$ cat my_file.cif   # mmCIF, C-alpha atoms
data_start
#
loop_
_atom_site.group_PDB
_atom_site.id
_atom_site.type_symbol
_atom_site.label_atom_id
_atom_site.label_comp_id
_atom_site.auth_asym_id
_atom_site.auth_seq_id
_atom_site.Cartn_x
_atom_site.Cartn_y
_atom_site.Cartn_z
ATOM 1 C CA MET A 1 -39.690 78.575 25.003
ATOM 2 C CA ASN A 2 -39.435 74.806 25.151
ATOM 3 C CA SER A 3 -38.543 73.048 21.932
ATOM 4 C CA LEU A 4 -39.793 69.678 20.761
ATOM 5 C CA ARG A 5 -37.214 66.967 20.305
ATOM 6 C CA PHE A 6 -37.769 64.085 17.938
ATOM 7 C CA TRP A 7 -35.199 61.455 18.679
ATOM 8 C CA ALA A 8 -33.935 59.147 15.977
ATOM 9 C CA ARG A 9 -31.032 56.846 16.233
ATOM 10 C CA CYS A 10 -29.220 54.884 13.600
ATOM 11 C CA SER A 11 -25.948 53.071 13.521
ATOM 12 C CA VAL A 12 -23.643 52.835 10.612
ATOM 13 C CA MET A 13 -21.076 50.176 10.971
ATOM 14 C CA LEU A 14 -17.969 50.475 8.839
ATOM 15 C CA VAL A 15 -15.843 47.326 8.996
ATOM 16 C CA ALA A 16 -12.200 48.054 8.183
ATOM 17 C CA SER A 17 -9.021 46.018 8.256
ATOM 18 C CA VAL A 18 -8.556 43.102 10.613
ATOM 19 C CA LEU A 19 -5.263 42.869 12.468
ATOM 20 C CA LEU A 20 -4.227 39.276 13.039
ATOM 21 C CA VAL A 21 -1.459 38.811 15.570
ATOM 22 C CA ALA A 22 -2.326 35.198 16.261
ATOM 23 C CA PHE A 23 -3.833 32.167 14.624
ATOM 24 C CA ALA A 24 -7.316 31.903 13.165
ATOM 25 C CA ALA A 25 -9.328 29.051 14.614
ATOM 26 C CA SER A 26 -11.498 27.028 12.282
ATOM 27 C CA ALA A 27 -13.719 26.131 15.237
ATOM 28 C CA SER A 28 -14.650 28.195 18.280
ATOM 29 C CA ALA A 29 -15.208 25.490 20.877
ATOM 30 C CA GLN A 30 -13.021 25.854 23.975
ATOM 31 C CA VAL A 31 -11.509 29.054 22.614
ATOM 32 C CA GLN A 32 -11.729 31.695 25.336
ATOM 33 C CA SER A 33 -12.859 35.058 23.996
ATOM 34 C CA THR A 34 -13.046 38.577 25.464
ATOM 35 C CA THR A 35 -14.325 41.711 23.727
ATOM 36 C CA THR A 36 -13.644 45.334 24.627
ATOM 37 C CA THR A 37 -14.771 48.579 22.989
ATOM 38 C CA THR A 38 -12.606 51.697 22.881
ATOM 39 C CA VAL A 39 -14.593 54.872 22.182
ATOM 40 C CA GLY A 40 -12.949 57.793 20.397
ATOM 41 C CA VAL A 41 -13.700 61.524 20.433
ATOM 42 C CA PRO A 42 -17.136 62.253 18.879
ATOM 43 C CA THR A 43 -17.702 64.976 16.287
ATOM 44 C CA ARG A 44 -20.940 66.941 15.855
ATOM 45 C CA GLU A 45 -22.505 68.536 12.799
ATOM 46 C CA VAL A 46 -25.439 70.941 13.146
ATOM 47 C CA LYS A 47 -27.878 71.530 10.286
ATOM 48 C CA ILE A 48 -30.541 74.257 10.493
ATOM 49 C CA GLU A 49 -33.576 74.161 8.150
ATOM 50 C CA SER A 50 -36.434 76.637 8.014
ATOM 51 C CA GLY A 51 -39.675 76.819 6.087
ATOM 52 C CA GLU A 52 -43.323 77.812 6.022
ATOM 53 C CA VAL A 53 -46.277 75.454 6.321
ATOM 54 C CA VAL A 54 -48.116 75.239 2.979
ATOM 55 C CA ALA A 55 -50.688 72.559 3.746
ATOM 56 C CA VAL A 56 -51.516 69.524 5.853
ATOM 57 C CA ALA A 57 -53.116 66.562 4.079
ATOM 58 C CA GLY A 58 -53.869 63.682 6.402
ATOM 59 C CA ASN A 59 -50.556 63.020 8.126
ATOM 60 C CA ASN A 60 -48.518 64.581 5.338
ATOM 61 C CA LEU A 61 -46.963 67.981 5.974
ATOM 62 C CA PHE A 62 -46.060 70.236 3.045
ATOM 63 C CA VAL A 63 -43.479 72.905 3.787
ATOM 64 C CA LYS A 64 -42.046 75.627 1.546
ATOM 65 C CA MET A 65 -38.340 75.640 2.348
ATOM 66 C CA ALA A 66 -36.051 78.651 2.479
ATOM 67 C CA ASP A 67 -34.697 77.854 -1.001
ATOM 68 C CA GLY A 68 -38.201 78.075 -2.489
ATOM 69 C CA THR A 69 -38.784 74.358 -2.946
ATOM 70 C CA THR A 70 -41.777 72.590 -1.407
ATOM 71 C CA ARG A 71 -41.080 69.423 0.559
ATOM 72 C CA ASP A 72 -43.502 66.703 1.563
ATOM 73 C CA PHE A 73 -42.906 65.226 5.020
ATOM 74 C CA PRO A 74 -45.049 62.056 4.896
ATOM 75 C CA ASN A 75 -46.575 59.991 7.686
ATOM 76 C CA ILE A 76 -46.020 62.398 10.566
ATOM 77 C CA PRO A 77 -47.023 60.425 13.705
ATOM 78 C CA GLU A 78 -49.975 61.612 15.790
ATOM 79 C CA SER A 79 -47.691 61.800 18.835
ATOM 80 C CA ALA A 80 -45.311 64.301 17.204
ATOM 81 C CA ARG A 81 -45.459 67.790 18.685
ATOM 82 C CA VAL A 82 -44.148 71.188 17.587
ATOM 83 C CA THR A 83 -43.809 74.087 20.019
ATOM 84 C CA VAL A 84 -45.533 77.101 18.444
ATOM 85 C CA ASP A 85 -45.662 80.239 20.578
ATOM 86 C CA GLY A 86 -45.457 78.164 23.738
ATOM 87 C CA GLN A 87 -48.143 75.664 22.722
ATOM 88 C CA GLN A 88 -47.598 72.008 21.883
ATOM 89 C CA LEU A 89 -49.315 71.400 18.536
ATOM 90 C CA GLY A 90 -49.898 68.142 16.681
ATOM 91 C CA ILE A 91 -49.799 67.590 12.939
ATOM 92 C CA HIS A 92 -53.496 68.475 12.447
ATOM 93 C CA GLN A 93 -53.130 71.751 14.352
ATOM 94 C CA LEU A 94 -50.488 73.173 12.035
ATOM 95 C CA LYS A 95 -51.832 75.897 9.752
ATOM 96 C CA PRO A 96 -50.613 77.420 6.475
ATOM 97 C CA GLY A 97 -48.334 80.365 7.085
ATOM 98 C CA MET A 98 -46.748 78.997 10.280
ATOM 99 C CA LYS A 99 -42.962 79.261 10.333
ATOM 100 C CA LEU A 100 -41.022 76.138 11.279
ATOM 101 C CA VAL A 101 -37.352 75.787 12.153
ATOM 102 C CA ARG A 102 -35.657 72.423 12.574
ATOM 103 C CA ALA A 103 -32.188 71.787 13.988
ATOM 104 C CA THR A 104 -30.577 68.413 13.296
ATOM 105 C CA VAL A 105 -27.476 67.486 15.292
ATOM 106 C CA THR A 106 -25.540 64.523 13.890
ATOM 107 C CA THR A 107 -23.023 63.009 16.292
ATOM 108 C CA THR A 108 -20.401 60.667 14.849
ATOM 109 C CA THR A 109 -18.502 58.555 17.370
ATOM 110 C CA PRO A 110 -15.579 56.374 16.254
ATOM 111 C CA GLN A 111 -14.838 53.245 18.224
ATOM 112 C CA VAL A 112 -12.746 50.120 17.955
ATOM 113 C CA VAL A 113 -14.114 46.733 19.001
ATOM 114 C CA THR A 114 -11.237 44.446 20.010
ATOM 115 C CA THR A 115 -11.796 40.706 20.341
ATOM 116 C CA VAL A 116 -9.073 38.585 21.948
ATOM 117 C CA GLN A 117 -9.265 34.805 21.636
ATOM 118 C CA THR A 118 -6.859 32.423 23.351
ATOM 119 C CA VAL A 119 -6.462 28.650 23.216
ATOM 120 C CA THR A 120 -4.196 26.147 24.905
ATOM 121 C CA GLY A 121 -3.743 22.540 23.858
ATOM 122 C CA LYS A 122 -1.372 19.670 23.135
ATOM 123 C CA VAL A 123 -0.015 19.295 19.609
ATOM 124 C CA TRP A 124 -1.509 16.197 18.049
ATOM 125 C CA GLN A 125 -0.441 16.908 14.482
ATOM 126 C CA VAL A 126 1.192 19.871 12.734
ATOM 127 C CA ASN A 127 1.462 20.751 9.047
ATOM 128 C CA PRO A 128 3.723 23.825 9.043
ATOM 129 C CA PRO A 129 3.179 26.514 8.096
ATOM 130 C CA LEU A 130 -0.486 25.874 7.242
ATOM 131 C CA ALA A 131 -2.295 24.210 10.142
ATOM 132 C CA VAL A 132 -2.009 22.520 13.510
ATOM 133 C CA ILE A 133 -4.312 20.043 15.253
ATOM 134 C CA LEU A 134 -4.506 20.461 19.024
ATOM 135 C CA THR A 135 -5.911 18.146 21.668
ATOM 136 C CA LEU A 136 -7.962 20.337 23.991
ATOM 137 C CA ASP A 137 -8.772 19.937 27.674
ATOM 138 C CA ASP A 138 -11.897 17.899 26.960
ATOM 139 C CA GLY A 139 -9.910 15.396 24.899
ATOM 140 C CA THR A 140 -11.240 16.516 21.515
ATOM 141 C CA ASN A 141 -9.026 17.437 18.583
ATOM 142 C CA GLN A 142 -9.453 20.698 16.676
ATOM 143 C CA GLU A 143 -7.659 21.975 13.613
ATOM 144 C CA PHE A 144 -6.494 25.599 13.549
ATOM 145 C CA LYS A 145 -5.280 27.374 10.443
ATOM 146 C CA ILE A 146 -1.983 29.202 10.911
ATOM 147 C CA PRO A 147 -1.610 32.666 9.335
ATOM 148 C CA GLU A 148 1.738 33.919 8.118
ATOM 149 C CA GLY A 149 4.034 35.048 10.929
ATOM 150 C CA GLN A 150 2.089 33.305 13.702
ATOM 151 C CA LYS A 151 3.985 32.661 16.930
ATOM 152 C CA PHE A 152 3.256 30.060 19.617
ATOM 153 C CA ILE A 153 4.282 29.903 23.271
ATOM 154 C CA VAL A 154 5.813 26.615 24.427
ATOM 155 C CA ASP A 155 7.027 26.430 28.055
ATOM 156 C CA GLY A 156 7.361 30.212 28.102
ATOM 157 C CA THR A 157 9.396 30.275 24.875
ATOM 158 C CA GLU A 158 8.162 31.738 21.591
ATOM 159 C CA THR A 159 8.377 29.608 18.474
ATOM 160 C CA ASP A 160 6.845 29.403 15.008
ATOM 161 C CA ALA A 161 4.923 26.548 13.387
ATOM 162 C CA PHE A 162 8.139 24.795 12.314
ATOM 163 C CA GLY A 163 9.189 24.519 15.957
ATOM 164 C CA LEU A 164 6.081 22.608 17.002
ATOM 165 C CA LYS A 165 6.353 18.902 17.778
ATOM 166 C CA LYS A 166 3.751 16.316 18.654
ATOM 167 C CA GLY A 167 3.052 16.266 22.382
ATOM 168 C CA MET A 168 4.049 19.881 23.021
ATOM 169 C CA VAL A 169 1.643 21.966 25.098
ATOM 170 C CA VAL A 170 1.208 25.270 23.294
ATOM 171 C CA SER A 171 -0.865 28.433 23.627
ATOM 172 C CA ALA A 172 -1.680 31.108 21.086
ATOM 173 C CA THR A 173 -3.747 34.255 20.807
ATOM 174 C CA LYS A 174 -5.864 35.854 18.096
ATOM 175 C CA VAL A 175 -6.605 39.585 18.232
ATOM 176 C CA VAL A 176 -9.186 41.127 15.877
ATOM 177 C CA GLU A 177 -9.652 44.911 15.805
ATOM 178 C CA VAL A 178 -12.774 46.172 13.999
ATOM 179 C CA PRO A 179 -13.207 49.950 13.645
ATOM 180 C CA GLU A 180 -16.842 51.080 13.783
ATOM 181 C CA THR A 181 -18.618 54.403 13.412
ATOM 182 C CA VAL A 182 -21.775 55.036 15.415
ATOM 183 C CA VAL A 183 -23.965 57.856 14.063
ATOM 184 C CA THR A 184 -26.679 59.400 16.250
ATOM 185 C CA LYS A 185 -29.155 62.057 15.112
ATOM 186 C CA GLU A 186 -31.084 64.432 17.369
ATOM 187 C CA LYS A 187 -33.783 66.702 15.970
ATOM 188 C CA ALA A 188 -35.490 69.729 17.511
ATOM 189 C CA VAL A 189 -38.432 71.559 15.853
ATOM 190 C CA VAL A 190 -40.088 74.846 16.861
ATOM 191 C CA GLY A 191 -42.514 77.135 15.058
ATOM 192 C CA THR A 192 -44.032 80.605 15.129
ATOM 193 C CA MET A 193 -47.167 82.236 13.836
ATOM 194 C CA PRO A 194 -46.751 84.291 10.643
ATOM 195 C CA TRP A 195 -46.646 87.601 12.486
ATOM 196 C CA ASP A 196 -43.975 86.534 14.988
ATOM 197 C CA VAL A 197 -40.228 86.608 14.577
ATOM 198 C CA PRO A 198 -38.735 83.071 14.434
ATOM 199 C CA VAL A 199 -37.016 82.130 17.674
ATOM 200 C CA LEU A 200 -33.371 81.266 17.979
ATOM 201 C CA ILE A 201 -32.759 77.553 18.439
ATOM 202 C CA VAL A 202 -29.910 76.330 20.619
ATOM 203 C CA ALA A 203 -29.012 72.910 19.248
ATOM 204 C CA PRO A 204 -28.884 70.162 21.897
ATOM 205 C CA LYS A 205 -25.475 68.955 22.890
#
$ encode --input "my_file.cif" --output "structure tokens"
Amino acid sequence: MNSLRFWARCSVMLVASVLLVAFAASASAQVQSTTTTTVGVPTREVKIESGEVVAVAGNNLFVKMADGTTRDFPNIPESARVTVDGQQLGIHQLKPGMKLVRATVTTTTPQVVTTVQTVTGKVWQVNPPLAVILTLDDGTNQEFKIPEGQKFIVDGTETDAFGLKKGMVVSATKVVEVPETVVTKEKAVVGTMPWDVPVLIVAPK
């Protein structure tokens, strides 16, 4: 027996700590940026709900759940279909006494979005350890705030803000790692007539 799948997707973004291993730019012009996403191992949670159709009022479906409570599922779309004894039925074809079973599979996928920004310029003015003004390739000057522990590369040698001098050509990198959690829900609904035995649902992977 084919089962109906209602697909719903939502994303929950959880922004965690930001790892700074380079300077934070107060302006983004002429700062080269690349972004990569590393996807972790997803986890799945399966929830099975069953109930009996009590009534259909307009596009509202009332179902008596297994725990004895009656739930109102409002605004069921006309396009929604439930497989009942091999037939695809719409909301207005559901009758009291029909048994419904719904499987909801929630997939949670962790991922880390890494943004790497790099800049190269000539030191025009430096105020260690707080900020540095660089002259960029287009001749404009930009001020960059310097976080604690920031290192710069000058002629292949690493130095801190106190080692910077006017006229030096320096490069630096900023790496931001933002953990995110993407949550996807998949739903499958089937039904049976009152005299039939409810079918076994195999939750989609």
$ residues_near_point --input "my_file.cif" --point "(-11.1, 53.0, 20.8)" --cutoff "9 Å" --atoms "only C-alpha atoms" --output "list of chain:residue names"
A:Thr36, A:Thr37, A:Thr38, A:Val39, A:Gly40, A:Val41, A:Pro110, A:Gln111, A:Val112, A:Val113, A:Thr114, A:Pro179
$ residues_around --input "my_file.cif" --residues "Gly139 in chain A" --least-positions-apart "3" --cutoff "10 Å" --atoms "all atoms listed in the file" --output "PDB file with C-alpha atoms, in the coordinates of the input"
ATOM      1  CA  GLY A 121      -3.743  22.540  23.858  1.00  0.00           C
ATOM      2  CA  LYS A 122      -1.372  19.670  23.135  1.00  0.00           C
ATOM      3  CA  LEU A 134      -4.506  20.461  19.024  1.00  0.00           C
ATOM      4  CA  THR A 135      -5.911  18.146  21.668  1.00  0.00           C
ATOM      5  CA  LEU A 136      -7.962  20.337  23.991  1.00  0.00           C
ATOM      6  CA  GLN A 142      -9.453  20.698  16.676  1.00  0.00           C
TER       7      GLN A 142
END
$ closest_atom_pairs --input "my_file.cif" --of "range 59-96 of chain A" --to "range 180-196 of chain A" --cutoff "12 Å" --atoms "all atoms listed in the file" --output "CSV"
residue,atom,partner,partner_atom,distance
A:Ala80,CA,A:Val189,CA,10.1
A:Arg81,CA,A:Val189,CA,8.5
A:Val82,CA,A:Val190,CA,5.5
A:Thr83,CA,A:Val190,CA,4.9
A:Val84,CA,A:Gly191,CA,4.5
A:Asp85,CA,A:Thr192,CA,5.7
A:Gly86,CA,A:Thr192,CA,9.1
A:Gln87,CA,A:Gly191,CA,9.6
A:Gln88,CA,A:Val190,CA,9.5
A:Leu89,CA,A:Gly191,CA,9.6
A:Gly90,CA,A:Gly191,CA,11.7
A:Gln93,CA,A:Gly191,CA,11.9
A:Leu94,CA,A:Gly191,CA,9.4
A:Lys95,CA,A:Met193,CA,8.9
A:Pro96,CA,A:Pro194,CA,8.9
$ closest_residue --input "my_file.cif" --among "A:Val56, A:Lys99, A:Val105, A:His92" --to "Thr43 in chain A" --atoms "only C-alpha atoms"
A:Val105
$ resolve_selection --input "my_file.cif" --expression "the PyMOL selection byres ((chain A and resi 34) around 12)" --output "short mmCIF file (atom, residue, chain, number, x, y, z; two decimals) with C-alpha atoms, in the coordinates of the input"
data_model
loop_
_atom_site.label_atom_id
_atom_site.label_comp_id
_atom_site.auth_asym_id
_atom_site.auth_seq_id
_atom_site.Cartn_x
_atom_site.Cartn_y
_atom_site.Cartn_z
CA VAL A 31 -11.51 29.05 22.61
CA GLN A 32 -11.73 31.70 25.34
CA SER A 33 -12.86 35.06 24.00
CA THR A 35 -14.32 41.71 23.73
CA THR A 36 -13.64 45.33 24.63
CA THR A 37 -14.77 48.58 22.99
CA VAL A 113 -14.11 46.73 19.00
CA THR A 114 -11.24 44.45 20.01
CA THR A 115 -11.80 40.71 20.34
CA VAL A 116 -9.07 38.58 21.95
CA GLN A 117 -9.26 34.80 21.64
CA THR A 118 -6.86 32.42 23.35
CA THR A 173 -3.75 34.26 20.81
CA LYS A 174 -5.86 35.85 18.10
CA VAL A 175 -6.60 39.58 18.23
CA VAL A 176 -9.19 41.13 15.88
#
$ resolve_selection --input "my_file.cif" --expression "the PyMOL selection byres ((chain A and resi 46) around 7)" --output "list in words"
Arg44, Glu45, Lys47, Ile48, Ala103, Thr104, Val105 and Thr106 of chain A
$ resolve_selection --input "my_file.cif" --expression "the PyMOL selection byres ((chain A and resi 67-74) around 12)" --output "ChimeraX atom specification"
/A:49-66,75-78,91
$ closest_residue --input "my_file.cif" --among "A:Gly149, A:Gly167, A:Arg102, A:Glu158" --to "Ile133 in chain A" --atoms "all atoms listed in the file"
A:Gly167
$ atom_distance --input "my_file.cif" --atom1 "CA of Glu143 in chain A" --atom2 "CA of Ala131 in chain A"
6.8 Å
$ residues_around --input "my_file.cif" --residues "Gly163 in chain A" --least-positions-apart "2" --cutoff "12 Å" --atoms "all atoms listed in the file" --output "ChimeraX atom specification"
/A:123,126-129,132,150-154,157-161,165-166,168,170
$ write_last_selection --input "my_file.cif" --atoms "C-alpha atoms" --output "JSON list (two decimals), in the coordinates of the input"
[["chain", "number", "residue", "atom", "x", "y", "z"],
["A", 123, "VAL", "CA", -0.02, 19.30, 19.61],
["A", 126, "VAL", "CA", 1.19, 19.87, 12.73],
["A", 127, "ASN", "CA", 1.46, 20.75, 9.05],
["A", 128, "PRO", "CA", 3.72, 23.82, 9.04],
["A", 129, "PRO", "CA", 3.18, 26.51, 8.10],
["A", 132, "VAL", "CA", -2.01, 22.52, 13.51],
["A", 150, "GLN", "CA", 2.09, 33.30, 13.70],
["A", 151, "LYS", "CA", 3.98, 32.66, 16.93],
["A", 152, "PHE", "CA", 3.26, 30.06, 19.62],
["A", 153, "ILE", "CA", 4.28, 29.90, 23.27],
["A", 154, "VAL", "CA", 5.81, 26.62, 24.43],
["A", 157, "THR", "CA", 9.40, 30.28, 24.88],
["A", 158, "GLU", "CA", 8.16, 31.74, 21.59],
["A", 159, "THR", "CA", 8.38, 29.61, 18.47],
["A", 160, "ASP", "CA", 6.84, 29.40, 15.01],
["A", 161, "ALA", "CA", 4.92, 26.55, 13.39],
["A", 165, "LYS", "CA", 6.35, 18.90, 17.78],
["A", 166, "LYS", "CA", 3.75, 16.32, 18.65],
["A", 168, "MET", "CA", 4.05, 19.88, 23.02],
["A", 170, "VAL", "CA", 1.21, 25.27, 23.29]]
